[in-house]
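Printed here is input-v6.txt (compact mmCIF, C-alpha atoms):
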# COMPACT_ATOMS: atom_id res chain seq x y z
CA MET A 1 56.62 73.48 117.78
CA SER A 2 59.31 71.61 115.80
CA ASN A 3 56.97 71.65 112.80
CA ALA A 4 56.93 75.44 112.89
CA LEU A 5 60.72 75.56 112.82
CA GLU A 6 60.86 73.23 109.83
CA LYS A 7 58.50 75.51 107.95
CA CYS A 8 60.87 78.48 108.34
CA HIS A 9 63.49 79.06 105.71
CA ILE A 10 66.31 81.55 105.42
CA GLY A 11 65.07 84.39 103.25
CA ASP A 12 61.42 83.94 104.18
CA LYS A 13 59.60 87.24 104.45
CA ILE A 14 56.77 88.23 106.74
CA GLN A 15 54.16 90.49 105.22
CA GLY A 16 53.11 92.76 108.04
CA THR A 17 49.77 94.50 108.24
CA PRO A 18 49.60 98.27 108.76
CA PHE A 19 49.00 99.43 112.31
CA TYR A 20 47.59 102.85 113.09
CA PRO A 21 48.06 103.90 116.72
CA THR A 22 45.11 105.72 118.20
CA ARG A 23 44.69 107.59 121.47
CA GLU A 24 42.74 104.59 122.70
CA SER A 25 45.36 102.00 121.74
CA ILE A 26 48.13 104.16 123.21
CA ARG A 27 46.20 104.52 126.47
CA GLU A 28 45.44 100.80 126.62
CA PHE A 29 49.12 99.93 126.09
CA CYS A 30 50.11 102.37 128.84
CA GLU A 31 47.65 100.81 131.27
CA ALA A 32 48.66 97.24 130.45
CA SER A 33 52.38 98.01 130.73
CA LEU A 34 52.01 100.35 133.76
CA ASP A 35 53.70 103.15 131.81
CA PHE A 36 51.86 106.28 132.95
CA ASN A 37 54.41 108.74 131.63
CA PRO A 38 52.50 111.92 130.69
CA LEU A 39 54.30 111.87 127.33
CA HIS A 40 51.78 109.24 126.33
CA LEU A 41 48.66 110.45 128.14
CA ASP A 42 48.60 114.16 128.92
CA ASP A 43 47.89 116.67 126.15
CA ASN A 44 48.60 119.58 128.48
CA TYR A 45 52.06 118.27 129.32
CA MET A 46 52.86 117.82 125.63
CA GLN A 47 51.36 121.13 124.49
CA PRO A 48 54.63 123.12 124.25
CA SER A 49 56.42 120.29 122.48
CA LEU A 50 57.20 120.11 118.80
CA VAL A 51 55.45 116.77 118.59
CA LYS A 52 52.14 117.04 116.75
CA PRO A 53 49.57 115.82 117.58
CA ASN A 54 50.31 116.13 121.23
CA LEU A 55 50.71 112.57 122.42
CA MET A 56 53.51 110.09 121.79
CA ALA A 57 53.09 106.32 121.78
CA SER A 58 55.51 104.41 123.96
CA SER A 59 58.72 103.57 122.11
CA CYS A 60 58.12 100.02 123.29
CA MET A 61 54.79 99.92 121.47
CA ALA A 62 56.46 99.51 118.09
CA MET B 1 45.44 94.96 137.71
CA SER B 2 47.45 92.80 140.05
CA ASN B 3 49.33 95.58 141.80
CA ILE B 4 46.57 97.85 143.05
CA ASN B 5 49.04 100.09 144.87
CA PHE B 6 50.93 101.02 141.72
CA GLU B 7 51.50 104.78 141.60
CA THR B 8 50.17 106.22 138.35
CA ASP B 9 51.00 109.86 139.06
CA PHE B 10 54.38 110.47 137.44
CA TRP B 11 54.70 113.86 139.13
CA LYS B 12 54.20 112.69 142.70
CA ASP B 13 57.82 111.83 143.50
CA GLU B 14 59.45 114.09 140.97
CA GLN B 15 61.54 115.94 143.57
CA ASN B 16 62.94 112.68 144.93
CA ARG B 17 64.23 111.42 141.62
CA LYS B 18 67.90 111.59 140.79
CA ASN B 19 68.90 113.83 137.94
CA TRP B 20 71.80 113.14 135.61
CA ASP B 21 74.36 114.65 137.99
CA ASP B 22 73.20 112.44 140.87
CA ILE B 23 73.22 109.13 139.01
CA ILE B 24 76.24 107.05 139.98
CA PRO B 25 77.33 104.30 137.55
CA GLY B 26 77.50 100.97 139.35
CA GLU B 27 75.08 101.95 142.10
CA ALA B 28 72.12 99.59 142.40
CA ARG B 29 68.69 101.11 141.80
CA LYS B 30 65.96 100.49 144.37
CA THR B 31 63.61 97.80 143.11
CA ILE B 32 60.43 96.05 144.28
CA PRO B 33 59.57 92.34 143.95
CA TYR B 34 56.42 91.88 141.89
CA THR B 35 54.06 88.94 141.60
CA LEU B 36 53.12 88.50 137.97
CA THR B 37 49.51 87.38 137.62
CA LEU B 38 47.73 85.59 134.81
CA GLU B 39 45.44 88.60 134.61
CA ALA B 40 48.33 90.98 134.00
CA ILE B 41 49.86 88.69 131.36
CA GLN B 42 46.61 88.33 129.47
CA LYS B 43 45.76 92.02 129.64
CA TYR B 44 49.17 92.82 128.16
CA CYS B 45 48.78 90.18 125.42
CA LYS B 46 45.31 91.42 124.44
CA VAL B 47 46.52 95.01 124.18
CA ILE B 48 49.44 94.14 121.91
CA GLY B 49 47.15 91.92 119.83
CA ASP B 50 48.96 88.66 120.59
CA THR B 51 46.23 86.14 121.33
CA HIS B 52 48.36 83.02 120.93
CA PRO B 53 46.85 80.18 123.01
CA LEU B 54 50.20 79.76 124.76
CA TYR B 55 49.21 82.82 126.76
CA PHE B 56 45.51 82.00 127.24
CA ASP B 57 44.75 78.28 127.03
CA GLU B 58 46.24 76.15 129.80
CA ASP B 59 45.18 72.89 128.14
CA TYR B 60 46.97 73.89 124.94
CA ALA B 61 49.99 75.29 126.77
CA LYS B 62 50.47 71.99 128.61
CA THR B 63 51.00 70.26 125.27
CA THR B 64 53.90 72.57 124.39
CA PRO B 65 57.52 72.36 125.59
CA TYR B 66 56.64 75.07 128.14
CA LYS B 67 54.16 72.74 129.92
CA GLY B 68 51.87 75.61 130.86
CA ILE B 69 50.89 79.20 130.22
CA ILE B 70 53.79 81.63 129.98
CA ALA B 71 54.19 85.37 129.49
CA PRO B 72 55.43 86.74 126.16
CA PRO B 73 59.09 87.88 126.08
CA ALA B 74 58.20 91.57 125.90
CA ILE B 75 56.51 91.35 129.31
CA HIS B 76 59.70 93.04 130.54
CA ILE B 77 58.09 96.35 129.55
CA LEU B 78 55.47 95.79 132.25
CA LEU B 79 58.03 94.39 134.67
CA MET B 80 60.26 97.44 134.31
CA PHE B 81 57.56 99.64 135.79
CA SER B 82 56.11 97.14 138.26
CA CYS B 83 59.53 96.38 139.80
CA THR B 84 60.63 99.99 140.33
CA PRO B 85 59.40 102.53 142.90
CA ALA B 86 57.75 105.80 141.97
CA ASP B 87 60.91 107.81 142.73
CA ASP B 88 63.06 105.81 140.31
CA TRP B 89 64.94 108.11 137.94
CA MET B 90 63.94 106.06 134.93
CA ARG B 91 60.37 107.35 135.34
CA SER B 92 61.19 111.04 135.12
CA PRO B 93 58.92 112.64 132.52
CA GLY B 94 61.09 113.75 129.64
CA THR B 95 63.20 110.59 129.73
CA ILE B 96 63.83 109.51 126.16
CA ASN B 97 64.39 105.87 125.28
CA ALA B 98 67.38 106.06 122.93
CA GLY B 99 67.67 102.32 122.36
CA GLN B 100 67.75 98.97 124.08
CA SER B 101 68.83 95.41 123.54
CA TRP B 102 67.36 92.39 125.34
CA SER B 103 68.27 88.72 125.79
CA TYR B 104 65.60 86.24 126.84
CA ASN B 105 66.57 83.19 128.88
CA ILE B 106 63.43 81.55 130.27
CA PRO B 107 59.81 82.67 130.15
CA ALA B 108 58.07 84.39 133.03
CA ARG B 109 55.03 82.51 134.27
CA PRO B 110 51.83 83.33 136.13
CA ASN B 111 52.47 83.75 139.88
CA ASP B 112 56.22 84.16 139.45
CA VAL B 113 57.66 86.52 142.04
CA ILE B 114 59.92 88.63 139.93
CA ARG B 115 62.93 90.60 141.13
CA LEU B 116 64.88 93.23 139.23
CA GLU B 117 68.55 94.07 139.60
CA ALA B 118 69.31 97.33 137.81
CA ARG B 119 71.98 100.01 137.73
CA ALA B 120 73.49 102.68 135.59
CA LEU B 121 76.66 101.53 133.87
CA ASP B 122 77.94 104.76 132.37
CA LYS B 123 76.92 108.32 131.59
CA PHE B 124 78.20 110.82 129.08
CA ILE B 125 77.28 113.98 127.20
CA LYS B 126 76.88 113.96 123.43
CA LYS B 127 75.66 116.92 121.37
CA GLU B 128 74.60 118.61 124.63
CA ARG B 129 72.37 115.67 125.51
CA LEU B 130 72.73 113.76 128.79
CA PHE B 131 73.01 110.02 128.21
CA VAL B 132 72.90 107.18 130.72
CA ILE B 133 73.62 103.56 129.84
CA HIS B 134 71.93 101.10 132.18
CA ASP B 135 71.37 97.39 132.56
CA ASN B 136 68.41 95.44 133.94
CA VAL B 137 68.22 91.78 134.91
CA PHE B 138 64.95 90.11 135.89
CA PHE B 139 64.97 86.98 138.07
CA ASN B 140 62.18 84.65 139.16
CA GLN B 141 61.67 83.28 142.68
CA ASN B 142 64.25 80.54 141.95
CA ASN B 143 66.88 83.12 141.02
CA ASP B 144 66.74 82.03 137.39
CA VAL B 145 67.39 84.84 134.95
CA ILE B 146 64.25 85.53 132.93
CA CYS B 147 65.77 88.20 130.73
CA SER B 148 68.44 90.86 130.75
CA GLY B 149 68.71 94.10 128.87
CA ARG B 150 70.96 97.07 128.28
CA GLY B 151 69.49 100.42 127.38
CA TRP B 152 70.41 103.98 126.57
CA THR B 153 68.30 106.89 127.76
CA ILE B 154 68.59 110.63 127.31
CA ARG B 155 67.90 112.35 130.61
CA PRO B 156 65.65 115.41 130.93
CA GLN B 157 67.50 118.67 131.65

Can you present the structure in this file as C-alpha cells?
Amino acid sequence: MSNALEKCHIGDKIQGTPFYPTRESIREFCEASLDFNPLHLDDNYMQPSLVKPNLMASSCMA
Amino acid sequence: MSNINFETDFWKDEQNRKNWDDIIPGEARKTIPYTLTLEAIQKYCKVIGDTHPLYFDEDYAKTTPYKGIIAPPAIHILLMFSCTPADDWMRSPGTINAGQSWSYNIPARPNDVIRLEARALDKFIKKERLFVIHDNVFFNQNNDVICSGRGWTIRPQ
C-alpha cells in the first residue's frame, strides 16, 4: 500500500482505455446498482425523446 | 441480489412521489436500512470492471490496512437505491442528475447494516428548469459515517 503511494508522482498521467457502453453493459450496471429507471432500460419510454439511440447510460456509469 | 424485495418497477409508486412543489428543504426523506452483502459488493465490482483482490480475496484483504474485504467507494450508487423506498422522489423517471460531490470517510464492508440520512437542502428555478439540491449521509451499524454527498437534480415537470 505505501509502496503504491511512493510510486505516484505529481504530474503522472494515467492512460485510459476506451470504453464503449452497450445495451448489455448498461443493463448490467443498472441491475448491480439497483437503478431501474426506465431512462436506462425502456426503449418505449425513451421513444419520444431527443436522445438517439433510445437508451441512456446512468450518469454514475462514467 | 441481497434485497429480494427491491421494487424494480419505477412506475408503481409514481403517484405517491413528491413533485418539485411538494419537496420541503430540510425535511428528512424516508429511508430503509440495508444489509450490504458480499454478493452485492462483488456483483457491483464485476460490472464496473474493478476486480481488485481487495474486493474479492479475503486472504489478500487481510494483509492490507483494511484487514478484510471492503466495498469500493462508489458503492454509494447502489446504496442510494437500496436505502430508499419506491415512493422516494429521487426515483421519479425524468429526474436528471445535474452533478454531485462525494466525500469518503471509511469503507463499507460485507454485512454492514447501512442507514441513510437524506434531505433536500434547497430548491430553485433556473432557465425554466426545477432544481433541487440535496445531501445524503450513509452510516454503518456503529453510526460511523461511511460517506456523504451533495447533489443537484433537475426535477421532471

Subject >> Straight-line distance linking atom CA of Ile26 of chain A with atom CA of Leu39 of chain A, stated in Å to one decimal >> reply: 10.7 Å

**OP:** Would you give me, as a ChimeraX atom specification, the residues of chain A that come within 6 Å of chain B, using all atoms listed in the file?
**Re:** /A:29,32-34,36

**OP:** Please tell me which residues are no farther than 12 Å from (70.2, 86.0, 138.4) in the file, counting all atoms listed in the file, and write them as a list in words.
**Re:**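 Using all atoms listed in the file, the matching residues come out as Asn105, Ile106, Ile114, Arg115, Leu116, Glu117, Ala118, Asn136, Val137, Phe138, Phe139, Asn140, Gln141, Asn142, Asn143, Asp144, Val145, Ile146, Cys147 and Ser148 of chain B.
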
Within 12 Å of Glu24 of chain A, counting all atoms listed in the file, which residues show up once you throw out same-chain ones fewer than 2 positions away? Write them as an mmCIF file with C-alpha atoms, in the frame of the given file, please.
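Generated file (out-v1.cif):
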data_model
loop_
_atom_site.group_PDB
_atom_site.id
_atom_site.type_symbol
_atom_site.label_atom_id
_atom_site.label_comp_id
_atom_site.auth_asym_id
_atom_site.auth_seq_id
_atom_site.Cartn_x
_atom_site.Cartn_y
_atom_site.Cartn_z
ATOM 1 C CA TYR A 20 47.590 102.850 113.090
ATOM 2 C CA PRO A 21 48.060 103.900 116.720
ATOM 3 C CA THR A 22 45.110 105.720 118.200
ATOM 4 C CA ILE A 26 48.130 104.160 123.210
ATOM 5 C CA ARG A 27 46.200 104.520 126.470
ATOM 6 C CA GLU A 28 45.440 100.800 126.620
ATOM 7 C CA PHE A 29 49.120 99.930 126.090
ATOM 8 C CA CYS A 30 50.110 102.370 128.840
ATOM 9 C CA GLU A 31 47.650 100.810 131.270
ATOM 10 C CA HIS A 40 51.780 109.240 126.330
ATOM 11 C CA LEU A 41 48.660 110.450 128.140
ATOM 12 C CA LEU A 55 50.710 112.570 122.420
ATOM 13 C CA ALA A 57 53.090 106.320 121.780
ATOM 14 C CA VAL B 47 46.520 95.010 124.180
#

**OP:** Measuring atom to atom with all atoms listed in the file, identify which of B:His52, B:Lys127, B:Arg119, B:Arg109 is nearest to Asp88 of chain B.
**Re:**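 Of all the options, B:Arg119 lies closest to Asp88 of chain B.
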
Original post:
Suppose you want the space between atom CA of Arg155 of chain B and atom CA of Trp89 of chain B; what is it in Å?
Top reply: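 These two atoms are separated by 9.0 Å.
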
Subject >> Two-atom distance - atom CA of Ser103 of chain B, atom CA of Thr153 of chain B (Å) >> reply: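 Separation of atom CA of Ser103 of chain B and atom CA of Thr153 of chain B: 18.3 Å.
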
Subject >> Test item: residues at most 10 Å from Ile24 of chain B, only C-alpha atoms, excluding those fewer than 4 positions along its chain, as JSON, numbers by chain >> reply: {"B": [18, 20, 28, 29, 119, 120, 121, 122, 123, 132]}

Can you list, as a CSV table (one decimal) with C-alpha atoms, in the frame of the given file, every protein, DNA or RNA residue that comes within 7 Å of Asp87 of chain B when you count only C-alpha atoms, leaving out same-chain residues fewer than 4 positions away?
chain,number,residue,atom,x,y,z
B,13,ASP,CA,57.8,111.8,143.5
B,14,GLU,CA,59.4,114.1,141.0
B,16,ASN,CA,62.9,112.7,144.9
B,17,ARG,CA,64.2,111.4,141.6
